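Chemist: Hey, dropping query_22.txt in here, compact mmCIF, C-alpha atoms and all ligand atoms:
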# COMPACT_ATOMS: atom_id res chain seq x y z
CA MET S 18 -18.57 -18.52 7.02
CA LEU S 19 -17.60 -14.97 7.91
CA GLU S 20 -19.09 -15.28 11.36
CA LYS S 21 -17.14 -18.39 12.07
CA LYS S 22 -13.97 -16.60 11.06
CA ASP S 23 -14.83 -13.69 13.32
CA ILE S 24 -14.82 -15.93 16.38
CA ASN S 25 -11.18 -16.77 15.82
CA LEU S 26 -10.02 -13.19 15.32
CA GLU S 27 -7.22 -12.05 17.58
CA LYS S 28 -8.15 -9.27 20.02
CA VAL S 29 -6.12 -6.18 19.23
CA ILE S 30 -5.59 -2.73 20.75
CA LEU S 31 -4.36 0.15 18.57
CA ILE S 32 -2.23 2.99 19.85
CA GLY S 33 -1.63 6.31 18.11
CA ILE S 34 -0.52 9.77 19.05
CA VAL S 35 -1.68 13.28 18.30
CA THR S 36 1.22 15.68 17.76
CA LYS S 37 1.91 19.14 16.39
CA ASN S 38 2.29 17.74 12.86
CA GLN S 39 -0.48 15.23 13.24
CA ASP S 40 -3.79 16.63 14.42
CA GLU S 41 -6.67 14.66 15.83
CA ALA S 42 -8.47 14.14 12.51
CA THR S 43 -5.30 12.92 10.78
CA SER S 44 -4.49 10.63 13.67
CA LYS S 45 -8.00 9.18 13.44
CA GLU S 46 -7.63 8.54 9.72
CA TYR S 47 -4.29 6.80 10.26
CA LEU S 48 -5.83 4.63 12.97
CA ASP S 49 -8.77 3.82 10.68
CA GLU S 50 -6.29 2.59 8.12
CA LEU S 51 -4.36 0.69 10.79
CA GLU S 52 -7.63 -0.94 11.83
CA PHE S 53 -8.26 -2.00 8.23
CA LEU S 54 -4.74 -3.41 8.05
CA THR S 55 -5.35 -5.26 11.32
CA TYR S 56 -8.58 -6.70 9.97
CA THR S 57 -6.77 -7.79 6.81
CA ALA S 58 -4.16 -9.52 8.96
CA GLY S 59 -6.90 -11.38 10.88
CA GLY S 60 -7.28 -9.19 13.97
CA ASP S 61 -10.27 -7.59 15.66
CA VAL S 62 -9.69 -4.13 17.10
CA VAL S 63 -11.38 -3.97 20.49
CA LYS S 64 -10.05 -0.60 21.63
CA ARG S 65 -8.01 2.41 20.52
CA PHE S 66 -5.83 4.53 22.75
CA THR S 67 -4.56 7.93 21.64
CA GLN S 68 -2.50 10.48 23.46
CA LYS S 69 -1.52 14.08 22.79
CA LEU S 70 2.24 14.36 22.96
CA ASP S 71 4.86 16.87 21.86
CA MET S 72 7.08 13.96 21.06
CA PRO S 73 6.96 10.21 21.76
CA ASN S 74 8.35 9.02 25.06
CA PRO S 75 11.78 7.48 24.27
CA LYS S 76 11.20 4.62 26.70
CA THR S 77 7.60 3.60 26.21
CA PHE S 78 6.38 5.68 23.24
CA ILE S 79 3.33 6.89 25.18
CA GLY S 80 3.41 8.33 28.70
CA THR S 81 3.53 6.23 31.84
CA GLY S 82 -0.02 7.02 32.94
CA LYS S 83 -1.48 6.10 29.58
CA MET S 84 0.60 2.95 29.46
CA HIS S 85 -0.92 1.99 32.79
CA ASP S 86 -4.42 2.36 31.32
CA VAL S 87 -3.43 0.14 28.42
CA GLN S 88 -1.99 -2.42 30.81
CA GLU S 89 -5.21 -2.55 32.80
CA TYR S 90 -7.24 -2.99 29.63
CA VAL S 91 -4.98 -5.74 28.31
CA LYS S 92 -5.35 -7.64 31.57
CA GLU S 93 -9.06 -7.17 31.95
CA TYR S 94 -10.01 -8.11 28.41
CA ASP S 95 -7.30 -10.65 27.75
CA VAL S 96 -5.92 -8.80 24.74
CA GLY S 97 -3.22 -10.65 22.82
CA THR S 98 -1.76 -7.94 20.61
CA VAL S 99 -1.05 -4.23 20.81
CA ILE S 100 -0.26 -2.40 17.59
CA PHE S 101 1.38 1.03 17.33
CA ASP S 102 0.84 3.21 14.27
CA ASP S 103 4.44 4.40 14.25
CA GLU S 104 7.68 2.50 14.11
CA LEU S 105 9.02 1.60 17.56
CA SER S 106 12.69 1.54 18.41
CA PRO S 107 13.98 -1.85 19.58
CA ALA S 108 14.32 -0.41 23.10
CA GLN S 109 10.75 0.88 23.17
CA GLU S 110 9.46 -2.43 21.92
CA ARG S 111 11.33 -4.25 24.63
CA ASN S 112 10.18 -1.96 27.43
CA ILE S 113 6.60 -2.05 26.32
CA SER S 114 6.46 -5.81 25.94
CA LYS S 115 7.76 -6.15 29.50
CA ILE S 116 5.00 -3.93 30.81
CA LEU S 117 2.13 -5.29 28.76
CA ASN S 118 3.27 -8.87 28.55
CA CYS S 119 1.68 -9.46 25.13
CA LYS S 120 2.63 -9.27 21.44
CA ILE S 121 3.77 -5.77 20.42
CA LEU S 122 3.73 -4.80 16.76
CA ASP S 123 4.15 -1.63 14.76
CA ARG S 124 2.78 -0.64 11.35
CA THR S 125 5.81 -2.06 9.53
CA ASN S 126 5.49 -5.43 11.29
CA LEU S 127 1.84 -5.54 10.42
CA ILE S 128 2.34 -4.77 6.73
CA LEU S 129 5.15 -7.33 6.51
CA ASP S 130 2.87 -9.86 8.17
CA ILE S 131 0.07 -9.24 5.68
CA PHE S 132 2.48 -9.54 2.78
CA ALA S 133 3.76 -12.83 4.23
CA GLN S 134 0.20 -14.15 4.57
CA ARG S 135 -0.78 -13.08 1.08
CA ALA S 136 2.29 -14.13 -0.88
CA GLN S 137 1.11 -16.87 -3.24
CA THR S 138 3.96 -17.57 -5.60
CA SER S 139 7.42 -18.61 -4.58
CA TYR S 140 8.68 -15.36 -6.09
CA ALA S 141 6.46 -13.19 -3.88
CA ARG S 142 7.32 -15.32 -0.85
CA THR S 143 11.02 -14.90 -1.49
CA GLN S 144 10.69 -11.13 -1.77
CA VAL S 145 8.66 -10.89 1.44
CA GLU S 146 11.11 -13.10 3.30
CA LEU S 147 13.95 -10.87 2.17
CA ALA S 148 12.13 -7.80 3.49
CA GLN S 149 11.48 -9.55 6.82
CA CYS S 150 15.12 -10.52 7.22
CA GLN S 151 16.21 -6.98 6.42
CA TYR S 152 13.80 -5.63 9.00
CA LEU S 153 15.05 -8.10 11.57
CA LEU S 154 18.80 -7.65 11.12
CA PRO S 155 19.29 -4.26 12.81
CA ARG S 156 16.89 -5.32 15.55
CA LEU S 157 18.96 -8.32 16.58
CA LYS S 158 21.38 -5.91 18.21
CA GLY S 159 18.66 -4.64 20.49
CA MET S 160 17.67 -8.14 21.41
CA TRP S 161 21.17 -8.73 22.76
CA THR S 162 20.92 -5.91 25.32
CA HIS S 163 17.63 -7.42 26.36
CA LEU S 164 19.32 -10.76 27.00
CA GLU S 165 22.12 -9.06 28.85
CA ARG S 166 19.76 -7.26 31.17
CA GLN S 167 17.71 -10.34 31.76
CA LYS S 168 20.51 -12.70 32.55
CA GLY S 169 22.94 -10.24 34.04
CA GLY S 170 26.01 -8.98 32.21
CA ILE S 171 28.86 -10.77 33.96
CA GLY S 172 29.63 -14.19 32.68
CA MET S 173 26.88 -13.97 30.10
CA ARG S 174 28.54 -11.60 27.69
CA GLY S 175 30.74 -14.18 25.99
CA PRO S 176 28.16 -16.81 25.11
CA GLY S 177 25.47 -14.17 24.70
CA GLU S 178 27.49 -12.32 22.18
CA THR S 179 28.34 -15.47 20.32
CA GLU S 180 24.70 -16.32 20.25
CA ILE S 181 23.70 -13.00 18.80
CA GLU S 182 26.61 -13.04 16.35
CA THR S 183 25.53 -16.47 15.20
CA ASP S 184 21.97 -15.25 14.81
CA ARG S 185 23.15 -12.30 12.80
CA ARG S 186 25.28 -14.49 10.58
CA ILE S 187 22.34 -16.80 9.96
CA VAL S 188 20.15 -13.87 8.98
CA ARG S 189 22.87 -12.36 6.78
CA ASP S 190 23.46 -15.71 5.05
CA LYS S 191 19.74 -16.01 4.51
CA ILE S 192 19.65 -12.54 2.97
CA SER S 193 22.39 -13.43 0.47
CA LEU S 194 20.62 -16.66 -0.35
CA LEU S 195 17.30 -14.93 -0.94
CA LYS S 196 18.94 -12.24 -3.06
CA ALA S 197 20.58 -14.90 -5.22
CA LYS S 198 17.25 -16.66 -5.62
CA ILE S 199 15.54 -13.43 -6.63
CA LYS S 200 18.31 -12.69 -9.13
CA THR S 201 17.74 -16.02 -10.88
CA ILE S 202 14.00 -15.42 -11.13
CA ASP S 203 14.66 -11.84 -12.28
CA LYS S 204 16.67 -13.12 -15.21
CA GLN S 205 13.83 -15.42 -16.26
CA MET S 206 11.36 -12.58 -15.93
CA ALA S 207 13.53 -10.18 -17.91
CA VAL S 208 13.62 -12.76 -20.70
CA GLN S 209 9.85 -13.08 -20.52
CA ARG S 210 9.46 -9.33 -20.73
CA GLY S 211 11.87 -9.25 -23.67
CA ASN S 212 9.78 -11.85 -25.47
CA ARG S 213 6.78 -9.58 -25.38
CA GLY S 214 8.13 -7.62 -28.30
CA LYS S 215 7.58 -3.96 -28.61
CA LEU S 216 3.96 -3.75 -27.61
CA VAL S 217 3.11 -0.61 -25.68
CA ARG S 218 3.06 -1.32 -21.97
CA VAL S 219 0.55 0.21 -19.60
CA ALA S 220 0.76 -0.22 -15.83
CA LEU S 221 -2.05 0.18 -13.32
CA VAL S 222 -0.68 1.80 -10.18
CA GLY S 223 -2.29 3.22 -7.08
CA TYR S 224 -2.98 2.99 -3.38
CA THR S 225 -4.10 -0.38 -2.08
CA ASN S 226 -7.81 -1.29 -2.38
CA VAL S 227 -8.66 1.41 -4.95
CA GLY S 228 -9.92 -1.05 -7.58
CA LYS S 229 -6.91 -1.72 -9.82
CA SER S 230 -7.63 -5.42 -10.15
CA THR S 231 -11.33 -4.77 -10.67
CA LEU S 232 -10.50 -2.37 -13.50
CA MET S 233 -8.02 -4.84 -14.94
CA ASN S 234 -10.70 -7.53 -14.96
CA VAL S 235 -13.18 -5.25 -16.66
CA ILE S 236 -10.87 -4.11 -19.43
CA SER S 237 -9.13 -7.40 -20.10
CA LYS S 238 -11.93 -9.83 -19.25
CA SER S 239 -9.48 -11.64 -17.01
CA GLN S 240 -9.90 -13.04 -13.54
CA VAL S 241 -7.50 -11.32 -11.20
CA PHE S 242 -8.27 -11.79 -7.52
CA ALA S 243 -9.98 -8.70 -6.12
CA GLU S 244 -11.52 -8.20 -2.69
CA ASN S 245 -12.23 -5.59 -0.10
CA LYS S 246 -9.05 -6.11 1.89
CA LEU S 247 -5.67 -4.48 1.63
CA PHE S 248 -3.00 -5.97 -0.61
CA ALA S 249 -5.19 -8.45 -2.43
CA THR S 250 -2.59 -8.43 -5.19
CA LEU S 251 1.08 -9.12 -4.57
CA ASP S 252 2.24 -10.51 -7.87
CA THR S 253 2.09 -8.74 -11.17
CA THR S 254 -0.39 -9.92 -13.75
CA VAL S 255 0.06 -8.89 -17.37
CA ARG S 256 -2.75 -9.13 -19.92
CA LYS S 257 -2.98 -8.29 -23.55
CA VAL S 258 -5.77 -5.83 -24.22
CA VAL S 259 -7.08 -4.80 -27.62
CA ILE S 260 -8.95 -1.57 -28.18
CA GLY S 261 -10.05 -0.69 -31.69
CA ASN S 262 -7.69 -3.25 -33.19
CA LEU S 263 -4.67 -1.93 -31.32
CA PRO S 264 -3.04 -4.49 -29.01
CA PHE S 265 -1.11 -3.44 -25.91
CA LEU S 266 -0.17 -4.88 -22.53
CA VAL S 267 -1.71 -3.93 -19.21
CA SER S 268 -0.15 -4.93 -15.90
CA ASP S 269 -1.78 -5.01 -12.50
CA THR S 270 0.56 -5.00 -9.55
CA VAL S 271 0.92 -4.58 -5.80
CA GLY S 272 -0.86 -1.59 -4.25
CA PHE S 273 0.96 1.12 -2.35
CA ILE S 274 0.33 2.43 1.15
CA ARG S 275 1.42 5.30 3.35
CA LYS S 276 4.71 4.44 5.05
CA LEU S 277 5.25 1.34 2.92
CA PRO S 278 8.25 -0.22 4.64
CA THR S 279 11.40 0.65 2.73
CA GLN S 280 12.51 -2.96 3.01
CA LEU S 281 9.42 -3.92 1.04
CA VAL S 282 9.92 -1.32 -1.67
CA GLU S 283 13.47 -2.56 -2.03
CA SER S 284 12.72 -6.24 -2.14
CA PHE S 285 9.73 -5.71 -4.40
CA LYS S 286 11.89 -3.81 -6.86
CA SER S 287 11.64 -6.65 -9.36
CA THR S 288 7.86 -6.82 -9.14
CA LEU S 289 7.85 -3.08 -9.60
CA ASP S 290 9.99 -3.38 -12.75
CA GLU S 291 6.74 -3.71 -14.59
CA VAL S 292 5.94 -0.16 -13.49
CA ARG S 293 9.44 1.12 -14.13
CA GLU S 294 9.43 -0.22 -17.68
CA ALA S 295 5.88 0.87 -18.52
CA ASP S 296 5.24 3.44 -21.26
CA LEU S 297 2.09 4.76 -19.65
CA LEU S 298 0.81 4.75 -16.08
CA LEU S 299 -2.83 4.61 -15.09
CA HIS S 300 -2.86 6.02 -11.57
CA VAL S 301 -6.06 4.65 -10.06
CA VAL S 302 -7.57 6.62 -7.14
CA ASP S 303 -10.46 5.72 -4.84
CA ILE S 304 -12.33 9.02 -4.86
CA SER S 305 -14.85 7.71 -2.33
CA HIS S 306 -12.10 7.57 0.31
CA SER S 307 -12.05 10.69 2.47
CA ASN S 308 -8.27 10.75 2.37
CA PHE S 309 -7.75 10.18 -1.33
CA GLU S 310 -5.61 13.25 -1.91
CA GLU S 311 -3.08 12.06 0.63
CA HIS S 312 -3.16 8.64 -1.04
CA ILE S 313 -2.20 10.31 -4.32
CA GLU S 314 0.73 11.94 -2.54
CA SER S 315 1.91 8.63 -1.06
CA VAL S 316 1.72 6.94 -4.44
CA ASN S 317 3.65 9.75 -6.12
CA GLN S 318 6.30 9.50 -3.45
CA ILE S 319 6.77 5.78 -4.06
CA LEU S 320 6.76 6.32 -7.83
CA ASP S 321 9.53 8.81 -7.24
CA GLU S 322 11.47 6.24 -5.18
CA ILE S 323 11.31 3.76 -8.05
CA GLU S 324 12.23 6.40 -10.63
CA SER S 325 8.90 6.34 -12.41
CA LYS S 326 7.46 9.71 -11.60
CA GLY S 327 8.03 11.48 -14.91
CA LYS S 328 6.12 8.94 -17.02
CA PRO S 329 3.02 9.86 -19.02
CA THR S 330 0.22 9.33 -16.51
CA ILE S 331 -3.55 9.29 -16.65
CA MET S 332 -5.30 9.82 -13.33
CA VAL S 333 -8.25 7.44 -13.07
CA PHE S 334 -10.67 8.45 -10.31
CA ASN S 335 -12.56 5.26 -9.54
CA LYS S 336 -15.58 4.41 -7.36
CA ILE S 337 -17.57 7.50 -8.36
CA ASP S 338 -20.65 5.42 -7.56
CA ALA S 339 -19.64 5.33 -3.90
CA TYR S 340 -18.59 8.98 -3.62
CA GLN S 341 -20.56 10.99 -1.08
CA ALA S 342 -19.97 14.67 -0.53
CA GLN S 343 -20.44 15.88 2.99
CA PRO S 344 -23.70 17.82 3.08
CA TYR S 345 -23.22 21.57 3.32
CA ASP S 346 -25.58 24.05 4.82
CA ASP S 347 -25.63 27.15 2.58
CA GLU S 348 -27.10 29.23 5.30
CA ASP S 349 -24.38 28.42 7.75
CA LEU S 350 -22.15 31.48 7.77
CA VAL S 351 -19.70 30.13 10.30
CA VAL S 352 -18.51 26.89 8.78
CA GLU S 353 -16.58 27.36 5.57
CA ARG S 354 -17.28 25.12 2.65
CA THR S 355 -14.38 22.71 2.12
CA LYS S 356 -13.29 20.08 -0.38
CA ALA S 357 -15.22 17.52 1.63
CA ASN S 358 -18.36 19.26 0.35
CA TYR S 359 -17.34 19.06 -3.32
CA SER S 360 -19.61 17.28 -5.74
CA ILE S 361 -18.12 14.91 -8.32
CA ASP S 362 -18.53 17.68 -10.91
CA GLU S 363 -16.50 20.05 -8.80
CA TRP S 364 -13.77 17.45 -8.46
CA LYS S 365 -13.85 17.00 -12.23
CA GLN S 366 -13.41 20.72 -12.77
CA THR S 367 -10.63 20.92 -10.22
CA TRP S 368 -8.63 18.11 -11.78
CA MET S 369 -9.34 19.02 -15.37
CA SER S 370 -8.06 22.51 -14.77
CA LYS S 371 -4.90 20.91 -13.40
CA ILE S 372 -4.25 18.16 -15.95
CA GLY S 373 -6.90 18.49 -18.67
CA ASP S 374 -8.10 15.26 -20.22
CA ASN S 375 -5.58 13.27 -18.20
CA ALA S 376 -8.19 12.99 -15.48
CA LEU S 377 -10.94 10.39 -15.85
CA PHE S 378 -13.85 9.64 -13.55
CA ILE S 379 -15.20 6.11 -13.61
CA SER S 380 -16.78 3.28 -11.70
CA ALA S 381 -15.09 0.00 -12.51
CA LEU S 382 -17.71 -1.84 -10.51
CA ASN S 383 -20.75 -0.37 -12.25
CA LYS S 384 -18.93 0.02 -15.57
CA GLU S 385 -19.68 3.75 -15.64
CA ASN S 386 -17.76 5.96 -18.08
CA LEU S 387 -15.75 3.02 -19.34
CA ASP S 388 -16.23 4.12 -22.94
CA GLU S 389 -14.55 7.40 -22.24
CA PHE S 390 -11.83 5.51 -20.38
CA ARG S 391 -11.22 3.17 -23.33
CA LYS S 392 -11.06 6.05 -25.79
CA ARG S 393 -8.66 8.06 -23.68
CA VAL S 394 -6.34 5.08 -23.14
CA TYR S 395 -6.55 4.19 -26.84
CA LYS S 396 -5.57 7.72 -27.84
CA GLU S 397 -2.54 7.70 -25.58
CA VAL S 398 -1.42 4.18 -26.49
CA ARG S 399 -1.87 4.92 -30.20
CA GLU S 400 0.34 7.98 -29.88
CA ILE S 401 3.10 5.99 -28.18
CA HIS S 402 2.66 3.19 -30.70
CA ILE S 403 3.00 5.38 -33.79
CA THR S 404 6.11 7.09 -32.49
CA ARG S 405 7.53 3.61 -32.11
CA PHE S 406 6.26 2.32 -35.46
CA PRO S 407 5.85 5.43 -37.63
CA TYR S 408 5.22 3.37 -40.75
CA ASN S 409 2.06 1.60 -39.64
CA HIS S 410 0.08 4.35 -38.01
CA PHE S 411 -2.52 4.01 -40.76
CA LEU S 412 -3.49 0.67 -39.20
CA TYR S 413 -5.06 2.45 -36.32
CA PRO S 414 -7.80 4.99 -36.84
CA ASP S 415 -8.16 8.21 -34.92
CA VAL S 416 -9.86 7.91 -31.60
CA GLU S 417 -13.00 9.57 -33.01
CA ASP S 418 -13.46 6.67 -35.42
CA ILE S 419 -13.15 3.71 -33.10
CA GLN S 420 -16.22 1.89 -31.82
N1 LIG W 501 -18.14 0.96 -5.03
C1 LIG W 501 -17.15 0.55 -5.79
N2 LIG W 501 -16.31 -0.39 -5.37
C2 LIG W 501 -15.30 -0.78 -6.18
C3 LIG W 501 -15.10 -0.20 -7.46
N3 LIG W 501 -14.01 -0.78 -8.02
C4 LIG W 501 -13.56 -1.69 -7.11
N4 LIG W 501 -14.34 -1.71 -6.01
C5 LIG W 501 -14.17 -2.55 -4.80
O1 LIG W 501 -13.01 -2.17 -4.11
C6 LIG W 501 -12.41 -3.31 -3.48
C7 LIG W 501 -10.95 -3.42 -3.88
O2 LIG W 501 -10.85 -3.73 -5.24
P1 LIG W 501 -9.54 -4.35 -5.88
O3 LIG W 501 -9.76 -4.39 -7.35
O4 LIG W 501 -9.16 -5.62 -5.19
O5 LIG W 501 -8.49 -3.23 -5.51
P2 LIG W 501 -6.91 -3.21 -5.80
O6 LIG W 501 -6.56 -1.79 -6.07
O7 LIG W 501 -6.54 -4.22 -6.82
O8 LIG W 501 -6.37 -3.60 -4.36
P3 LIG W 501 -4.96 -4.31 -3.94
O9 LIG W 501 -4.64 -5.36 -4.92
O10 LIG W 501 -5.31 -4.81 -2.59
O11 LIG W 501 -3.96 -3.22 -3.89
C8 LIG W 501 -13.25 -4.51 -3.92
O12 LIG W 501 -14.14 -4.80 -2.88
C9 LIG W 501 -13.97 -4.02 -5.16
O13 LIG W 501 -15.20 -4.65 -5.36
C10 LIG W 501 -16.02 0.82 -7.90
O14 LIG W 501 -15.95 1.39 -8.99
N5 LIG W 501 -17.01 1.16 -7.02
MG MG W 502 -5.32 -5.82 -6.71
Rewrite the coordinates I just gave you, this time as structure tokens.

Modeler:
Amino acid sequence: MLEKKDINLEKVILIGIVTKNQDEATSKEYLDELEFLTYTAGGDVVKRFTQKLDMPNPKTFIGTGKMHDVQEYVKEYDVGTVIFDDELSPAQERNISKILNCKILDRTNLILDIFAQRAQTSYARTQVELAQCQYLLPRLKGMWTHLERQKGGIGMRGPGETEIETDRRIVRDKISLLKAKIKTIDKQMAVQRGNRGKLVRVALVGYTNVGKSTLMNVISKSQVFAENKLFATLDTTVRKVVIGNLPFLVSDTVGFIRKLPTQLVESFKSTLDEVREADLLLHVVDISHSNFEEHIESVNQILDEIESKGKPTIMVFNKIDAYQAQPYDDEDLVVERTKANYSIDEWKQTWMSKIGDNALFISALNKENLDEFRKRVYKEVREIHITRFPYNHFLYPDVEDIQ
């Protein structure tokens, strides 16, 4: 099955740059992630090109010589798509597509494409479409200059301009239409949320592919779609969970990623309402990923954007089963020991000294440490619950007494 799918994968080249603010190792990690995104979108990366640059070339992003190498490769291996890790200006995109004569995408395009592929419900589809239209609108202007240059300015300007104006109007109309549609669904969803009463609400948040849905399935015995690809979840699922007699709601929602297109954050605002209105956040982290600390940063940044940063938060470090410290040679006096050499215990100490018992270390897959997880969540939810209902706190025993 998988093999058959592999045959149909699109051949893709990735292009990244190494700059003063982005060293070689960082650039490699970004390209690794871009490769995973490409795979998720149905592409097969056949080659990567990187270049050291002080700043991107305004015309072609990378230098002329390097572009020539890419061109040769595209021709020789019949590559259909070239993907850049950074956002291209409309002019760069145009110039490059003339040279390479194939599909040119950037990270934003790619993420939008994956979202479009993965959107299951009409609500998710509407939100993705809105983001795509918003991405397209400012770029239509650039497309006009392209037309002008291609067809020659004189005599073409009138009809050309009308054409582009019409296009813009169509896109703008579409945006209003989509916004209206989202508003209607929002109202229905707000009613639904209102109907849930005053149960404490807990939201799973985190970088994409860290195991949020897996954890959700384990704690709520539900069947949310989980797989080893990015953005497996686009809609929000809410389940009622009961620990030690105390019912509360847990939501699982879309994962975050570095440089999540702003258009997507905006149009997914309604999906993210579940996070904004939550009483407690469980920030799930994939500790087995070499770049997990940067992932935490990206997630915090997006939480900030959606005004949810100050909420009570428990950090849940998942996938401890897959964590592998880089081996360290004690006798090596030259190479300094770094965080990459930390054992899980060292990570525990580091985080516990920062945030105490708000750091948990689990494996959702192997169900390791889930008891501790349940107890910690229970304690927090119970606290929120009894501030809300001071008169029935006796219904719920102290965490020490629950099974
Ligand atoms: N080794 C290991 N793998 C895990 C663990 N938890 C989840 N996974 C795997 O990680 C992958 C992603 O899991 P999901 O639950 O889909 O992750 P998610 O955070 O919901 O991802 P998105 O919805 O795409 O944002 C799957 O292949 C899971 O089987 C764990 O504790 N250990
Ligand atoms: Mg998921």

Chemist: Where does chain S meet ligand MG 502 (chain W) within 12 Å, residue by residue, with the nearest atom pair and distance in Å to one decimal for each, counting all atoms listed in the file, listed by chain and rising number, as a tab-separated table?

Modeler:
residue	atom	partner	partner_atom	distance
S:Arg135	CA	W:MG502	MG	11.6
S:Leu221	CA	W:MG502	MG	9.5
S:Val222	CA	W:MG502	MG	9.6
S:Gly223	CA	W:MG502	MG	9.5
S:Tyr224	CA	W:MG502	MG	9.7
S:Thr225	CA	W:MG502	MG	7.2
S:Asn226	CA	W:MG502	MG	6.7
S:Val227	CA	W:MG502	MG	8.2
S:Gly228	CA	W:MG502	MG	6.7
S:Lys229	CA	W:MG502	MG	5.4
S:Ser230	CA	W:MG502	MG	4.2
S:Thr231	CA	W:MG502	MG	7.3
S:Leu232	CA	W:MG502	MG	9.2
S:Met233	CA	W:MG502	MG	8.7
S:Asn234	CA	W:MG502	MG	10.0
S:Gln240	CA	W:MG502	MG	10.9
S:Val241	CA	W:MG502	MG	7.4
S:Phe242	CA	W:MG502	MG	6.7
S:Ala243	CA	W:MG502	MG	5.5
S:Glu244	CA	W:MG502	MG	7.8
S:Asn245	CA	W:MG502	MG	9.6
S:Lys246	CA	W:MG502	MG	9.4
S:Leu247	CA	W:MG502	MG	8.5
S:Phe248	CA	W:MG502	MG	6.5
S:Ala249	CA	W:MG502	MG	5.0
S:Thr250	CA	W:MG502	MG	4.1
S:Leu251	CA	W:MG502	MG	7.5
S:Asp252	CA	W:MG502	MG	9.0
S:Thr253	CA	W:MG502	MG	9.1
S:Thr254	CA	W:MG502	MG	9.5
S:Ser268	CA	W:MG502	MG	10.6
S:Asp269	CA	W:MG502	MG	6.8
S:Thr270	CA	W:MG502	MG	6.6
S:Val271	CA	W:MG502	MG	6.4
S:Gly272	CA	W:MG502	MG	6.6
S:Phe273	CA	W:MG502	MG	10.3
S:Val301	CA	W:MG502	MG	11.0

Chemist: If you keep C-alpha atoms, can you produce a file of those selected residues as a PDB file, in the frame of the given file?

Modeler:
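part.pdb was written with the following content:
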ATOM      1  CA  ARG S 135      -0.780 -13.080   1.080  1.00  0.00           C
ATOM      2  CA  LEU S 221      -2.050   0.180 -13.320  1.00  0.00           C
ATOM      3  CA  VAL S 222      -0.680   1.800 -10.180  1.00  0.00           C
ATOM      4  CA  GLY S 223      -2.290   3.220  -7.080  1.00  0.00           C
ATOM      5  CA  TYR S 224      -2.980   2.990  -3.380  1.00  0.00           C
ATOM      6  CA  THR S 225      -4.100  -0.380  -2.080  1.00  0.00           C
ATOM      7  CA  ASN S 226      -7.810  -1.290  -2.380  1.00  0.00           C
ATOM      8  CA  VAL S 227      -8.660   1.410  -4.950  1.00  0.00           C
ATOM      9  CA  GLY S 228      -9.920  -1.050  -7.580  1.00  0.00           C
ATOM     10  CA  LYS S 229      -6.910  -1.720  -9.820  1.00  0.00           C
ATOM     11  CA  SER S 230      -7.630  -5.420 -10.150  1.00  0.00           C
ATOM     12  CA  THR S 231     -11.330  -4.770 -10.670  1.00  0.00           C
ATOM     13  CA  LEU S 232     -10.500  -2.370 -13.500  1.00  0.00           C
ATOM     14  CA  MET S 233      -8.020  -4.840 -14.940  1.00  0.00           C
ATOM     15  CA  ASN S 234     -10.700  -7.530 -14.960  1.00  0.00           C
ATOM     16  CA  GLN S 240      -9.900 -13.040 -13.540  1.00  0.00           C
ATOM     17  CA  VAL S 241      -7.500 -11.320 -11.200  1.00  0.00           C
ATOM     18  CA  PHE S 242      -8.270 -11.790  -7.520  1.00  0.00           C
ATOM     19  CA  ALA S 243      -9.980  -8.700  -6.120  1.00  0.00           C
ATOM     20  CA  GLU S 244     -11.520  -8.200  -2.690  1.00  0.00           C
ATOM     21  CA  ASN S 245     -12.230  -5.590  -0.100  1.00  0.00           C
ATOM     22  CA  LYS S 246      -9.050  -6.110   1.890  1.00  0.00           C
ATOM     23  CA  LEU S 247      -5.670  -4.480   1.630  1.00  0.00           C
ATOM     24  CA  PHE S 248      -3.000  -5.970  -0.610  1.00  0.00           C
ATOM     25  CA  ALA S 249      -5.190  -8.450  -2.430  1.00  0.00           C
ATOM     26  CA  THR S 250      -2.590  -8.430  -5.190  1.00  0.00           C
ATOM     27  CA  LEU S 251       1.080  -9.120  -4.570  1.00  0.00           C
ATOM     28  CA  ASP S 252       2.240 -10.510  -7.870  1.00  0.00           C
ATOM     29  CA  THR S 253       2.090  -8.740 -11.170  1.00  0.00           C
ATOM     30  CA  THR S 254      -0.390  -9.920 -13.750  1.00  0.00           C
ATOM     31  CA  SER S 268      -0.150  -4.930 -15.900  1.00  0.00           C
ATOM     32  CA  ASP S 269      -1.780  -5.010 -12.500  1.00  0.00           C
ATOM     33  CA  THR S 270       0.560  -5.000  -9.550  1.00  0.00           C
ATOM     34  CA  VAL S 271       0.920  -4.580  -5.800  1.00  0.00           C
ATOM     35  CA  GLY S 272      -0.860  -1.590  -4.250  1.00  0.00           C
ATOM     36  CA  PHE S 273       0.960   1.120  -2.350  1.00  0.00           C
ATOM     37  CA  VAL S 301      -6.060   4.650 -10.060  1.00  0.00           C
TER      38      VAL S 301
END

Chemist: Distance atom N2 of ligand LIG 501 (chain W)-atom CA of S:Val235, one decimal place?

Modeler: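 Computing the Euclidean distance for atom N2 of ligand LIG 501 (chain W) and atom CA of S:Val235 yields 12.7 Å.
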
Chemist: What is the atom N2 of ligand LIG 501 (chain W)-atom CA of S:Asn308 distance in Å, reported with one decimal?

Modeler: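 Spanning atom N2 of ligand LIG 501 (chain W) to atom CA of S:Asn308 is a straight-line distance of 15.8 Å.
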
Chemist: Name all residues at most 9 Å from S:Ile131 (count all atoms listed in the file; drop same-chain ones fewer than 4 positions away) and give them as a list in words.

Modeler: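 The filter keeps Leu54, Thr55, Thr57, Ala58, Gly59, Asn126, Leu127, Arg135, Ala136, Leu247 and Phe248 of chain S.
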